[in-house]
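Below is the file structure21.txt, which contains compact mmCIF, C-alpha atoms.
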```txt
# COMPACT_ATOMS: atom_id res chain seq x y z
CA MET B 1 -43.51 0.74 2.69
CA SER B 2 -40.35 -0.46 1.04
CA GLY B 3 -38.46 -0.16 4.33
CA ALA B 4 -38.07 -3.88 4.87
CA SER B 5 -36.68 -4.53 1.41
CA ASP B 6 -34.33 -1.53 1.74
CA ASP B 7 -32.96 -3.03 4.93
CA GLY B 8 -32.59 -6.36 3.22
CA ASP B 9 -30.77 -4.73 0.33
CA ARG B 10 -28.55 -2.77 2.69
CA ALA B 11 -27.72 -5.91 4.64
CA ARG B 12 -26.87 -7.73 1.46
CA ARG B 13 -24.59 -4.93 0.28
CA PHE B 14 -22.91 -4.86 3.67
CA ARG B 15 -22.46 -8.62 3.63
CA ASP B 16 -20.90 -8.52 0.14
CA ALA B 17 -18.61 -5.64 1.02
CA ALA B 18 -17.49 -6.53 4.53
CA LEU B 19 -17.60 -10.30 4.98
CA PRO B 20 -14.70 -10.99 2.58
CA TYR B 21 -12.45 -9.25 5.13
CA LEU B 22 -13.50 -11.36 8.10
CA ASN B 23 -10.18 -13.22 8.14
CA ASP B 24 -8.27 -9.95 7.93
CA ALA B 25 -10.28 -8.53 10.81
CA HIS B 26 -9.82 -11.66 12.89
CA THR B 27 -6.07 -11.66 12.24
CA LEU B 28 -5.66 -8.06 13.41
CA ALA B 29 -7.91 -8.61 16.42
CA ARG B 30 -6.04 -11.77 17.35
CA TYR B 31 -2.70 -9.95 17.44
CA LEU B 32 -4.03 -6.79 19.09
CA MET B 33 -6.06 -8.51 21.81
CA ARG B 34 -3.65 -11.48 22.05
CA ASN B 35 -6.45 -13.66 23.35
CA ALA B 36 -8.80 -15.80 21.27
CA ALA B 37 -12.08 -14.98 23.05
CA ASP B 38 -11.35 -11.23 23.25
CA ALA B 39 -10.44 -11.21 19.57
CA GLU B 40 -13.75 -12.76 18.57
CA ASP B 41 -15.70 -10.29 20.71
CA ALA B 42 -13.78 -7.40 19.16
CA VAL B 43 -14.47 -8.60 15.61
CA GLN B 44 -18.18 -9.00 16.34
CA GLU B 45 -18.30 -5.52 17.85
CA CYS B 46 -16.44 -4.20 14.81
CA TYR B 47 -18.99 -5.68 12.41
CA LEU B 48 -21.87 -4.30 14.48
CA ARG B 49 -20.39 -0.81 14.36
CA ALA B 50 -19.50 -1.10 10.69
CA LEU B 51 -23.07 -2.09 9.90
CA ARG B 52 -24.40 0.89 11.83
CA HIS B 53 -22.07 3.28 9.99
CA PHE B 54 -22.34 1.58 6.61
CA ASP B 55 -24.57 4.37 5.28
CA SER B 56 -21.78 6.88 5.79
CA TYR B 57 -19.21 4.62 4.13
CA ARG B 58 -17.95 6.24 0.95
CA GLY B 59 -15.39 3.80 -0.38
CA PRO B 60 -13.33 2.92 -2.11
CA ALA B 61 -11.28 0.72 0.20
CA MET B 62 -13.39 -1.40 2.56
CA LYS B 63 -10.51 -3.22 4.22
CA PRO B 64 -8.79 -0.20 5.85
CA TRP B 65 -12.17 1.26 6.78
CA LEU B 66 -13.17 -1.93 8.54
CA LEU B 67 -9.79 -2.35 10.23
CA THR B 68 -9.92 1.27 11.47
CA ILE B 69 -13.19 0.48 13.23
CA LEU B 70 -11.73 -2.72 14.63
CA ARG B 71 -8.67 -0.96 15.94
CA ASN B 72 -10.84 1.64 17.67
CA VAL B 73 -12.86 -1.16 19.27
CA CYS B 74 -9.67 -2.78 20.58
CA VAL B 75 -8.22 0.50 21.85
CA ALA B 76 -11.50 1.36 23.58
CA GLU B 77 -11.48 -2.05 25.21
CA PHE B 78 -7.95 -1.51 26.51
CA ALA B 79 -9.03 1.86 27.89
CA ARG B 80 -12.02 0.28 29.63
CA ARG B 81 -9.71 -2.20 31.30
CA GLY B 82 -7.42 0.53 32.51
CA ARG B 83 -4.93 0.12 29.70
CA GLN B 84 -4.04 -3.36 30.75
CA GLU B 85 -3.39 -5.65 27.86
CA SER B 86 -4.31 -9.28 28.26
CA PRO B 87 -1.39 -11.60 28.60
CA SER B 88 -0.64 -13.26 25.30
CA ASP B 89 -2.13 -16.72 24.88
CA PHE B 90 -0.16 -17.38 21.71
CA ALA B 91 2.32 -19.43 23.71
CA GLU B 92 -0.41 -21.66 25.16
CA GLU B 93 -1.87 -22.76 21.87
CA GLU B 94 1.21 -24.66 20.84
CA PRO B 95 3.19 -25.93 23.79
CA THR B 96 6.26 -26.46 21.61
CA ALA B 97 8.84 -24.22 23.19
CA GLU B 98 11.54 -25.18 20.74
CA VAL B 99 12.54 -22.35 18.47
CA LEU B 100 14.03 -23.17 15.12
CA PRO B 101 15.59 -21.05 12.42
CA MET B 102 12.90 -18.97 10.77
CA TRP B 103 14.34 -18.52 7.38
CA GLN B 104 16.02 -21.25 5.47
CA GLU B 105 15.59 -23.18 2.25
CA PRO B 106 11.96 -23.76 1.22
CA PRO B 107 10.74 -26.94 2.91
CA THR B 108 10.25 -30.02 0.80
CA SER B 109 10.31 -33.08 3.07
CA PRO B 110 7.60 -33.85 5.65
CA GLU B 111 10.18 -33.11 8.34
CA ALA B 112 10.76 -29.72 6.79
CA VAL B 113 7.04 -29.02 6.75
CA LEU B 114 6.96 -29.92 10.42
CA LEU B 115 9.85 -27.54 11.02
CA ARG B 116 7.91 -24.84 9.25
CA GLN B 117 5.01 -25.32 11.63
CA HIS B 118 7.44 -24.69 14.47
CA ASP B 119 8.79 -21.62 12.67
CA SER B 120 5.33 -20.27 12.18
CA ASP B 121 4.49 -20.63 15.87
CA ALA B 122 7.82 -19.13 16.86
CA ILE B 123 7.27 -16.07 14.67
CA ARG B 124 3.72 -15.67 16.00
CA LYS B 125 5.03 -15.52 19.53
CA LEU B 126 7.73 -13.03 18.64
CA VAL B 127 5.18 -10.77 16.91
CA ALA B 128 2.76 -11.11 19.83
CA ALA B 129 5.53 -10.02 22.21
CA LEU B 130 6.10 -6.68 20.43
CA PRO B 131 4.78 -3.50 22.11
CA GLN B 132 1.38 -2.51 20.75
CA PRO B 133 2.18 0.28 18.23
CA PHE B 134 4.92 -1.80 16.61
CA ARG B 135 2.89 -5.01 16.67
CA GLU B 136 -0.01 -3.18 15.06
CA ALA B 137 2.19 -1.74 12.30
CA ILE B 138 3.81 -5.06 11.43
CA VAL B 139 0.50 -6.97 11.44
CA LEU B 140 -1.22 -4.38 9.24
CA ARG B 141 1.71 -4.57 6.83
CA GLU B 142 2.64 -8.26 6.75
CA MET B 143 -0.62 -10.04 7.55
CA ASN B 144 -3.24 -7.55 6.36
CA GLU B 145 -1.06 -6.38 3.46
CA LEU B 146 -2.07 -2.73 3.70
CA SER B 147 -0.10 0.05 2.02
CA TYR B 148 1.71 2.65 4.16
CA HIS B 149 -1.07 5.16 3.49
CA GLU B 150 -3.71 2.67 4.61
CA ILE B 151 -1.75 1.76 7.74
CA ALA B 152 -1.49 5.48 8.55
CA GLN B 153 -5.27 5.76 8.18
CA VAL B 154 -5.97 2.77 10.41
CA ALA B 155 -3.48 3.72 13.13
CA GLY B 156 -4.40 7.41 12.93
CA VAL B 157 -0.80 8.57 12.56
CA PRO B 158 1.22 10.23 9.77
CA VAL B 159 2.89 8.03 7.16
CA GLY B 160 6.29 9.04 8.56
CA THR B 161 5.35 7.49 11.88
CA VAL B 162 4.28 4.33 10.07
CA MET B 163 7.70 4.17 8.44
CA SER B 164 9.62 4.58 11.68
CA ARG B 165 7.36 2.10 13.52
CA LEU B 166 7.82 -0.52 10.82
CA ALA B 167 11.57 -0.04 10.82
CA ARG B 168 11.61 -0.32 14.61
CA ALA B 169 9.23 -3.30 14.63
CA ARG B 170 11.40 -5.22 12.21
CA SER B 171 14.56 -4.33 14.12
CA MET B 172 13.00 -5.60 17.35
CA LEU B 173 11.77 -8.76 15.65
CA ARG B 174 15.19 -9.39 14.20
CA ALA B 175 16.86 -8.89 17.59
CA ALA B 176 14.33 -11.16 19.33
CA TRP B 177 14.86 -13.78 16.68
CA ASN B 178 18.64 -13.64 17.14
CA VAL B 179 18.18 -14.12 20.88
CA ALA B 180 15.78 -17.02 20.33
CA GLU B 181 18.16 -18.67 17.92
CA GLY B 182 21.10 -18.15 20.25
CA SER B 183 19.27 -19.83 23.12
CA THR B 184 18.57 -23.04 21.21
CA SER B 185 21.74 -23.51 19.21
CA MET G 1 22.10 9.31 1.51
CA ASN G 2 23.41 8.43 4.95
CA CYS G 3 22.90 5.24 6.96
CA ALA G 4 20.21 6.73 9.23
CA GLU G 5 18.06 7.64 6.24
CA CYS G 6 18.81 4.34 4.56
CA GLU G 7 17.80 2.39 7.65
CA ILE G 8 14.26 3.73 7.38
CA LEU G 9 13.98 3.85 3.61
CA LEU G 10 15.19 0.31 3.02
CA HIS G 11 11.93 -0.92 4.57
CA ALA G 12 9.93 1.21 2.15
CA LEU G 13 12.06 -0.32 -0.60
CA ILE G 14 11.33 -3.87 0.61
CA ASP G 15 7.64 -3.03 0.84
CA GLY G 16 7.54 -1.59 -2.68
CA GLU G 17 6.51 1.82 -1.34
CA LEU G 18 9.44 3.83 -2.64
CA ASP G 19 9.31 5.85 -5.83
CA ALA G 20 11.80 4.88 -8.54
CA GLY G 21 14.22 7.73 -7.90
CA HIS G 22 14.57 7.07 -4.17
CA ALA G 23 14.70 3.32 -4.76
CA ARG G 24 17.76 3.97 -6.91
CA ASP G 25 19.24 6.17 -4.15
CA VAL G 26 18.79 3.42 -1.57
CA GLU G 27 20.27 0.81 -3.89
CA ALA G 28 23.22 3.07 -4.64
CA HIS G 29 23.88 3.56 -0.92
CA VAL G 30 23.53 -0.16 -0.20
CA ALA G 31 26.00 -0.95 -2.98
CA THR G 32 28.71 0.97 -1.13
CA CYS G 33 27.72 0.28 2.49
CA PRO G 34 28.19 -3.30 3.75
CA GLY G 35 26.30 -2.54 6.98
CA CYS G 36 23.15 -1.38 5.22
CA ALA G 37 23.49 -4.14 2.61
CA GLU G 38 23.51 -6.73 5.38
CA LYS G 39 20.41 -5.18 6.95
CA LEU G 40 18.59 -5.07 3.64
CA GLU G 41 19.28 -8.76 3.03
CA ALA G 42 18.30 -9.75 6.57
CA PHE G 43 15.01 -7.84 6.46
CA ARG G 44 14.21 -9.18 3.00
CA ALA G 45 14.78 -12.72 4.28
CA MET G 46 12.68 -12.01 7.37
CA ARG G 47 9.83 -10.65 5.27
CA ALA G 48 9.97 -13.72 3.01
CA ALA G 49 9.99 -16.02 6.04
CA MET G 50 6.96 -14.26 7.51
CA ALA G 51 5.07 -14.55 4.23
CA GLU G 52 6.05 -18.21 4.03
CA ALA G 53 4.99 -18.94 7.61
CA GLY G 54 1.30 -18.23 7.01
CA LEU G 55 0.70 -16.01 10.02
CA ARG G 56 -2.85 -15.00 9.21
CA GLU G 57 -5.44 -16.15 11.70
CA ALA G 58 -8.51 -17.45 9.88
CA ALA G 59 -11.77 -16.60 11.60
CA PRO G 60 -13.26 -19.64 13.35
CA ALA G 61 -16.54 -20.92 11.93
CA ARG G 62 -18.39 -19.98 15.14
CA LEU G 63 -17.37 -16.33 14.74
CA ARG G 64 -18.54 -16.30 11.13
CA ALA G 65 -21.83 -17.81 12.29
CA ARG G 66 -22.21 -15.18 15.02
CA ILE G 67 -21.71 -12.37 12.53
CA GLU G 68 -23.96 -13.96 9.92
CA ALA G 69 -26.62 -14.24 12.60
CA MET G 70 -26.70 -10.52 13.25
CA LEU G 71 -27.58 -9.87 9.57
CA PRO G 72 -29.89 -8.57 8.18
CA ALA G 73 -29.61 -5.48 10.25
CA PRO G 74 -32.30 -4.27 12.64
CA THR G 75 -33.30 -0.68 11.90
CA GLU G 76 -33.08 0.58 15.48
CA PRO G 77 -29.66 1.44 16.86
CA VAL G 78 -27.71 -1.61 17.85
CA ALA G 79 -27.23 -1.96 21.56
CA VAL G 80 -23.64 -2.20 22.59
CA THR G 81 -22.41 -4.00 25.63
CA HIS G 82 -20.00 -1.50 27.04
CA GLN G 83 -19.09 2.16 27.04
CA LEU G 84 -17.33 3.03 23.82
CA SER G 85 -15.49 6.14 24.81
CA ARG G 86 -12.44 6.69 22.71
CA PRO G 87 -9.29 7.34 24.68
CA SER G 88 -6.74 9.78 23.45
CA ARG G 89 -4.06 8.05 21.49
CA ARG G 90 -1.52 10.03 23.38
CA SER G 91 -2.36 8.34 26.63
CA PHE G 92 -2.54 4.93 25.05
CA PHE G 93 0.81 5.18 23.35
CA GLY G 94 2.35 7.25 26.09
CA GLY G 95 4.04 4.29 27.69
CA PHE G 96 6.11 3.51 24.66
CA ALA G 97 9.13 5.36 23.46
CA VAL G 98 8.22 5.35 19.81
CA GLY G 99 11.14 5.33 17.46
CA THR G 100 13.88 5.45 20.06
CA ALA G 101 16.51 3.95 17.83
CA LEU G 102 15.16 5.42 14.63
CA SER G 103 14.27 9.02 14.29
CA GLY G 104 10.55 9.54 13.84
CA ALA G 105 11.19 13.13 12.89
CA LEU G 106 13.56 12.02 10.18
CA ALA G 107 10.96 9.64 8.78
CA ALA G 108 8.35 12.38 8.86
CA SER G 109 10.57 14.70 6.89
CA LEU G 110 11.39 12.03 4.34
CA VAL G 111 7.93 10.78 3.77
CA LEU G 112 6.49 13.75 1.95
CA THR G 113 8.78 13.23 -0.96
CA VAL G 114 9.51 9.54 -1.10
CA VAL G 115 6.43 7.44 -0.52
CA ARG G 116 4.33 6.95 -3.55
CA ASN G 117 0.75 7.92 -3.26
CA ASP G 118 -1.80 5.13 -3.63
CA ARG G 119 -3.91 7.10 -6.08
CA GLU G 120 -0.86 8.08 -8.09
CA ARG G 121 0.24 4.46 -8.20
CA THR G 122 -3.19 3.27 -9.31
CA THR G 123 -3.23 5.85 -12.07
CA ALA G 124 0.27 4.82 -13.17
CA GLY G 125 -1.02 1.25 -13.50
CA GLU G 126 -3.99 2.43 -15.58
CA VAL G 127 -1.73 4.48 -17.82
CA VAL G 128 0.58 1.52 -18.43
CA SER G 129 -2.42 -0.69 -19.19
CA ALA G 130 -3.57 1.85 -21.77
CA HIS G 131 -0.06 1.88 -23.26
CA ILE G 132 -0.03 -1.93 -23.53
CA ARG G 133 -3.53 -1.96 -25.04
CA SER G 134 -2.45 0.55 -27.65
CA LEU G 135 0.40 -1.72 -28.73
CA GLN G 136 -1.58 -4.95 -28.73
CA ALA G 137 -4.74 -3.92 -30.50
CA GLY G 138 -3.05 -2.73 -33.68
CA HIS G 139 -4.75 0.52 -32.81
CA LEU G 140 -1.91 2.77 -31.92
CA MET G 141 -3.08 5.76 -33.91
CA ASP G 142 -6.48 7.18 -34.79
CA VAL G 143 -4.80 9.86 -36.83
CA GLU G 144 -1.54 8.81 -38.41
CA THR G 145 0.70 11.62 -39.50
CA SER G 146 3.95 13.21 -38.57
CA ASP G 147 2.44 16.64 -39.15
CA GLN G 148 1.77 18.32 -35.81
CA HIS G 149 -0.69 20.68 -37.45
CA THR G 150 -2.85 17.72 -38.43
CA VAL G 151 -2.66 15.92 -35.10
CA LYS G 152 -3.54 18.84 -32.87
CA PRO G 153 -6.85 19.87 -34.50
CA TRP G 154 -7.89 16.22 -34.76
CA PHE G 155 -8.42 16.19 -30.98
CA ASP G 156 -10.91 19.10 -31.16
CA GLY G 157 -14.28 18.02 -29.85
CA LYS G 158 -13.00 14.56 -28.90
CA VAL G 159 -11.39 15.47 -25.59
CA ASP G 160 -11.81 18.48 -23.32
CA VAL G 161 -8.17 19.50 -23.65
CA ALA G 162 -6.02 20.79 -26.47
CA PRO G 163 -2.93 18.63 -26.03
CA PRO G 164 0.31 20.28 -27.06
CA VAL G 165 1.70 18.45 -30.09
CA VAL G 166 5.29 19.21 -30.89
CA ASP G 167 7.54 17.90 -33.61
CA LEU G 168 10.69 16.52 -32.05
CA THR G 169 11.95 14.70 -35.12
CA ALA G 170 15.12 16.77 -35.12
CA GLN G 171 15.78 15.68 -31.53
CA GLY G 172 15.32 12.00 -32.33
CA PHE G 173 11.68 11.54 -31.34
CA THR G 174 9.41 10.99 -34.35
CA LEU G 175 5.79 12.06 -34.13
CA LEU G 176 3.62 9.14 -35.27
CA GLY G 177 0.16 10.51 -34.66
CA GLY G 178 -2.64 10.77 -32.10
CA ARG G 179 -5.21 8.53 -30.48
CA LEU G 180 -8.27 8.91 -28.33
CA ASP G 181 -7.97 6.65 -25.29
CA TYR G 182 -9.92 6.04 -22.12
CA ILE G 183 -8.36 5.90 -18.66
CA ASN G 184 -10.53 5.45 -15.56
CA GLY G 185 -13.50 5.83 -17.91
CA GLU G 186 -12.47 9.34 -18.97
CA PRO G 187 -11.44 10.29 -22.50
CA VAL G 188 -7.73 11.06 -22.66
CA ALA G 189 -5.62 12.35 -25.53
CA SER G 190 -2.59 10.32 -26.46
CA VAL G 191 0.12 11.74 -28.67
CA VAL G 192 2.30 8.95 -30.01
CA TYR G 193 6.03 9.29 -30.59
CA GLN G 194 8.73 6.86 -31.52
CA ARG G 195 12.45 6.55 -30.90
CA ARG G 196 14.10 3.78 -32.89
CA LYS G 197 11.69 0.84 -32.34
CA HIS G 198 10.34 2.17 -29.04
CA VAL G 199 6.86 3.65 -28.94
CA ILE G 200 6.12 6.45 -26.47
CA ASN G 201 2.55 7.24 -25.50
CA LEU G 202 2.19 10.76 -24.13
CA PHE G 203 -1.18 10.88 -22.36
CA VAL G 204 -2.62 14.32 -21.73
CA ALA G 205 -5.70 15.09 -19.61
CA GLN G 206 -7.06 17.74 -17.31
CA ARG G 207 -7.06 15.48 -14.27
CA LEU G 208 -5.05 12.30 -14.27
CA GLY G 209 -3.24 11.60 -11.01
CA ILE G 210 -2.08 14.16 -8.51
CA LYS G 211 -0.91 17.50 -9.85
CA HIS G 212 2.66 18.38 -9.06
CA ALA G 213 5.28 20.43 -10.78
CA GLY G 214 8.25 18.08 -10.71
CA VAL G 215 8.56 14.94 -12.80
CA THR G 216 7.79 11.68 -11.00
CA ALA G 217 9.52 8.72 -12.58
CA THR G 218 8.43 5.20 -11.80
CA THR G 219 8.45 1.73 -13.30
CA VAL G 220 5.31 -0.36 -13.73
CA GLN G 221 5.46 -3.88 -15.19
CA GLY G 222 8.84 -3.05 -16.69
CA TYR G 223 7.61 0.10 -18.45
CA ASN G 224 9.07 3.46 -17.54
CA VAL G 225 6.51 6.07 -16.62
CA CYS G 226 6.99 9.80 -16.10
CA HIS G 227 4.25 12.04 -14.74
CA TRP G 228 4.25 15.79 -14.43
CA SER G 229 1.81 18.69 -14.50
CA ASP G 230 2.14 21.82 -16.56
CA LYS G 231 -0.23 24.56 -17.69
CA GLY G 232 -3.13 22.93 -15.83
CA LEU G 233 -2.70 19.62 -17.60
CA ASP G 234 -1.42 16.25 -16.44
CA PHE G 235 1.15 14.58 -18.67
CA TRP G 236 2.03 10.88 -18.52
CA ALA G 237 4.79 9.54 -20.74
CA VAL G 238 5.01 5.73 -20.99
CA SER G 239 7.50 3.66 -22.92
CA ASP G 240 9.81 0.69 -22.91
CA LEU G 241 12.61 3.16 -23.59
CA ASP G 242 15.16 3.22 -20.80
CA ALA G 243 14.56 5.69 -18.00
CA ASP G 244 17.21 8.18 -19.11
CA GLU G 245 15.94 8.42 -22.67
CA LEU G 246 12.35 8.82 -21.49
CA ARG G 247 13.54 11.55 -19.17
CA GLU G 248 15.20 13.22 -22.15
CA PHE G 249 11.89 13.03 -24.02
CA VAL G 250 10.08 14.63 -21.08
CA GLU G 251 12.63 17.44 -20.98
CA LYS G 252 12.21 18.08 -24.71
CA ILE G 253 8.42 18.24 -24.39
CA SER G 254 8.65 20.53 -21.36
CA ALA G 255 11.09 22.78 -23.15
CA ALA G 256 8.76 23.00 -26.16
CA LEU G 257 5.93 24.08 -23.81
CA HIS G 258 8.09 26.90 -22.49
CA PRO G 259 9.98 28.48 -25.36
CA ALA G 260 13.06 30.15 -23.93
CA GLY G 261 12.78 33.41 -25.82
CA PRO G 262 11.04 35.12 -28.72
CA SER G 263 10.93 32.81 -31.69
```
What does this structure look like when you write it as structure tokens?
Amino acid sequence: MSGASDDGDRARRFRDAALPYLNDAHTLARYLMRNAADAEDAVQECYLRALRHFDSYRGPAMKPWLLTILRNVCVAEFARRGRQESPSDFAEEEPTAEVLPMWQEPPTSPEAVLLRQHDSDAIRKLVAALPQPFREAIVLREMNELSYHEIAQVAGVPVGTVMSRLARARSMLRAAWNVAEGSTS
Amino acid sequence: MNCAECEILLHALIDGELDAGHARDVEAHVATCPGCAEKLEAFRAMRAAMAEAGLREAAPARLRARIEAMLPAPTEPVAVTHQLSRPSRRSFFGGFAVGTALSGALAASLVLTVVRNDRERTTAGEVVSAHIRSLQAGHLMDVETSDQHTVKPWFDGKVDVAPPVVDLTAQGFTLLGGRLDYINGEPVASVVYQRRKHVINLFVAQRLGIKHAGVTATTVQGYNVCHWSDKGLDFWAVSDLDADELREFVEKISAALHPAGPS
């Protein structure tokens, strides 16, 4: 009798709990799938699954729970495609090939803000070029701002593996950045 | 600490995931090793640049609309568009040599001791908040006396533990009194001590954080915090005393809980 209102209540609770993390989910999906349309499909699939399993959700942290589901969706999609990742479309969005120094004094002038836009695109491309486990670790840490324990939960690996992946991811990023800088200066 | 360990741990330091003791170890190594110091600086700068660059990808409005549209939920199982079999992670990651330059095994062996637990960290924050509240409210003590035999019975019936109350005046820590406090909604006993002008709150409860025998020292909002478990109780000492003096306090309390011989 009260079924309809229960559903409504459940939907409202889900909306309040999960929708605030839509940007986090989209960010992770964007870097994992590396393609805008695939990322949106993955996020929608993630929210469908999360809604279905919402009754079994026992808090407290919604963000890692949601991102765990999203990661599984992405991994399943890779498996379905025969483990072929889509080519990155990060490079296509901004045709500016010029790579500029990524870290420097905080920008103040309009020119500097423009430079920062270039930096941002350059870093995006470098992150998108990382192999999957390292890309995933760095995105969960830097963009999703998860703790090591939460990253371990999402990636389904021990915290020690998270630590070594992050160290490796940052080393690779640093090396790629040095190469990029060397090629333009 | 050697460079291989440091190379992994410096990231945990940058990310604020290292406990205070190991953070000091890393900083001590970096102070004497130009190679690791250079790495630490470079990775700090890289992290700052990434934060500055705004790399998050906001969800497009059409995606938000699509998700909004599927709410409220239908009661029947949601149809999915493709087979959702879950591949083994092994096969998925098999193509990558994980941790080739950095030892994964080394990280795994380090992690058990060095990375702070989320729950422990949350509790440390709560404990420090309680300490700050106790100083601000002009409500440091509910029972104000330096007599341990007055403080201890005062807690009877107020909390579900009998906190050890010891007089350490001779060792330079004056007993001020006791207070009933609430942390995470649970009543907690606080025994209040003082050294010079520095107040120490010693919180005692049955379950407060993760039980472990050794003392975990950390710093939250500039306050030094020590946590340890003994005799089935969790102890949290908080103060603006420096870390060494707080450690000394913890040792004195521990020693008083375990008298060396017949008294």
Near-Leu202 in chain G list (6 Å; only C-alpha atoms; drop same-chain fewer than 4 positions) as a list in words: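 Final neighbour list, sorted by chain and number: Ser190, Val191, Trp236 and Ala237 of chain G.
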At a cut-off of 9 Å from (-9.1, 8.8, -36.3) in the coordinates of the file, what residues are picked up using only C-alpha atoms, written as a ChimeraX atom specification? /G:141-144,154,178-180
Requested write-out: C-alpha atoms of the selected residues, as an mmCIF file, keeping the file's coordinate frame:
```
data_model
loop_
_atom_site.group_PDB
_atom_site.id
_atom_site.type_symbol
_atom_site.label_atom_id
_atom_site.label_comp_id
_atom_site.auth_asym_id
_atom_site.auth_seq_id
_atom_site.Cartn_x
_atom_site.Cartn_y
_atom_site.Cartn_z
ATOM 1 C CA MET G 141 -3.080 5.760 -33.910
ATOM 2 C CA ASP G 142 -6.480 7.180 -34.790
ATOM 3 C CA VAL G 143 -4.800 9.860 -36.830
ATOM 4 C CA GLU G 144 -1.540 8.810 -38.410
ATOM 5 C CA TRP G 154 -7.890 16.220 -34.760
ATOM 6 C CA GLY G 178 -2.640 10.770 -32.100
ATOM 7 C CA ARG G 179 -5.210 8.530 -30.480
ATOM 8 C CA LEU G 180 -8.270 8.910 -28.330
#
```
Atom-to-atom span, CA of Val166 in chain G and CA of Val192 in chain G, Å: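 It comes out at 10.7 Å.
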Quick one: axis-aligned box around all listed atoms of range 28-37 of chain B, 8 Å on every side, centre and edge lengths in Å to one decimal, written as lines of an AutoDock Vina configuration file.
```
center_x = -7.4
center_y = -11.3
center_z = 18.4
size_x = 25.4
size_y = 25.0
size_z = 25.9
```
Could you pull the residues within 7 Å of range 71-75 of chain B, counting only C-alpha atoms, minus those fewer than 3 positions along the same chain, as JSON, numbers by chain? {"B": [33, 42, 46, 67, 68, 78, 79]}
Please report, as JSON lines, each residue of chain B lying at most 6 Å from chain G, together with the nearest pair of atoms and the separation in Å rounded to one decimal; use only C-alpha atoms, and order rows by chain and ascending residue number.
```
{"residue": "B:Ala11", "atom": "CA", "partner": "G:Pro72", "partner_atom": "CA", "distance": 4.9}
{"residue": "B:Asn23", "atom": "CA", "partner": "G:Ala58", "partner_atom": "CA", "distance": 4.9}
{"residue": "B:His26", "atom": "CA", "partner": "G:Ala59", "partner_atom": "CA", "distance": 5.5}
{"residue": "B:Thr27", "atom": "CA", "partner": "G:Glu57", "partner_atom": "CA", "distance": 4.6}
{"residue": "B:Ala76", "atom": "CA", "partner": "G:Arg86", "partner_atom": "CA", "distance": 5.5}
{"residue": "B:Trp103", "atom": "CA", "partner": "G:Ala49", "partner_atom": "CA", "distance": 5.2}
{"residue": "B:Ser120", "atom": "CA", "partner": "G:Ala53", "partner_atom": "CA", "distance": 4.8}
{"residue": "B:Met143", "atom": "CA", "partner": "G:Arg56", "partner_atom": "CA", "distance": 5.7}
{"residue": "B:Gly160", "atom": "CA", "partner": "G:Ala108", "partner_atom": "CA", "distance": 3.9}
{"residue": "B:Thr161", "atom": "CA", "partner": "G:Gly104", "partner_atom": "CA", "distance": 5.9}
{"residue": "B:Ser164", "atom": "CA", "partner": "G:Gly104", "partner_atom": "CA", "distance": 5.5}
{"residue": "B:Ala167", "atom": "CA", "partner": "G:Ile8", "partner_atom": "CA", "distance": 5.8}
```
For CA of Asp25 in chain G and CA of Gln221 in chain G, quote the distance in Å rounded to one decimal. 20.3 Å
For CA of Gly35 in chain G and CA of Ala23 in chain G, the interatomic separation in Å (one decimal):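 For CA of Gly35 in chain G relative to CA of Ala23 in chain G, the distance reads 17.5 Å.
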Non-local contacts of Glu126 in chain G (12 Å; all atoms listed in the file; under 6 positions in same chain excluded) as a list in words: Arg119, Glu120, Ile132, Arg133, Asp181, Tyr182, Ile183, Asn184, Gly185, Glu186, Val188, Phe203, Leu208, Gly209, Val220, Gln221, Val225, Trp236 and Val238 of chain G
Skipping near chain neighbours, those fewer than 6 positions away, what residues fall within 8 Å of Leu168 in chain G using all atoms listed in the file, listed as a PDB file with C-alpha atoms, in the frame of the given file?
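around.pdb, freshly written:
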```pdb
ATOM      1  CA  THR G 174       9.410  10.990 -34.350  1.00  0.00           C
ATOM      2  CA  LEU G 175       5.790  12.060 -34.130  1.00  0.00           C
ATOM      3  CA  LYS G 252      12.210  18.080 -24.710  1.00  0.00           C
TER       4      LYS G 252
END
```
Residue among G:Gly125, G:Pro259, G:Pro34, G:Gly232 lying closest to Ala162 in chain G, counting all atoms listed in the file: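 Looking at the shortest contact to Ala162 in chain G, the residue is G:Gly232.
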Counting all atoms listed in the file, the residue among G:Asn2, G:Ala256, G:Phe235, G:Gly177 that lies closest to Val30 in chain G is G:Asn2
Could you list as a ChimeraX atom specification every residue that has an atom within 10 Å of (11.3, -9.8, 19.6), using the file's coordinates and counting all atoms listed in the file? /B:123,125-131,169-180
So that I can see what lies close to Val250 in chain G, please list as JSON, numbers by chain the residues with an atom at most 8 Å from it, counting all atoms listed in the file and leaving out residues fewer than 4 positions away in the same chain. {"G": [226, 237, 246, 254]}
Export of the given selection (C-alpha atoms) as a PDB file, in the frame of the given file:
```pdb
ATOM      1  CA  CYS G 226       6.990   9.800 -16.100  1.00  0.00           C
ATOM      2  CA  ALA G 237       4.790   9.540 -20.740  1.00  0.00           C
ATOM      3  CA  LEU G 246      12.350   8.820 -21.490  1.00  0.00           C
ATOM      4  CA  SER G 254       8.650  20.530 -21.360  1.00  0.00           C
TER       5      SER G 254
END
```
Counting all atoms listed in the file, the residue of G:Gln171, G:Gln136, G:Thr219, G:Arg207 that sits nearest Arg24 in chain G: G:Thr219
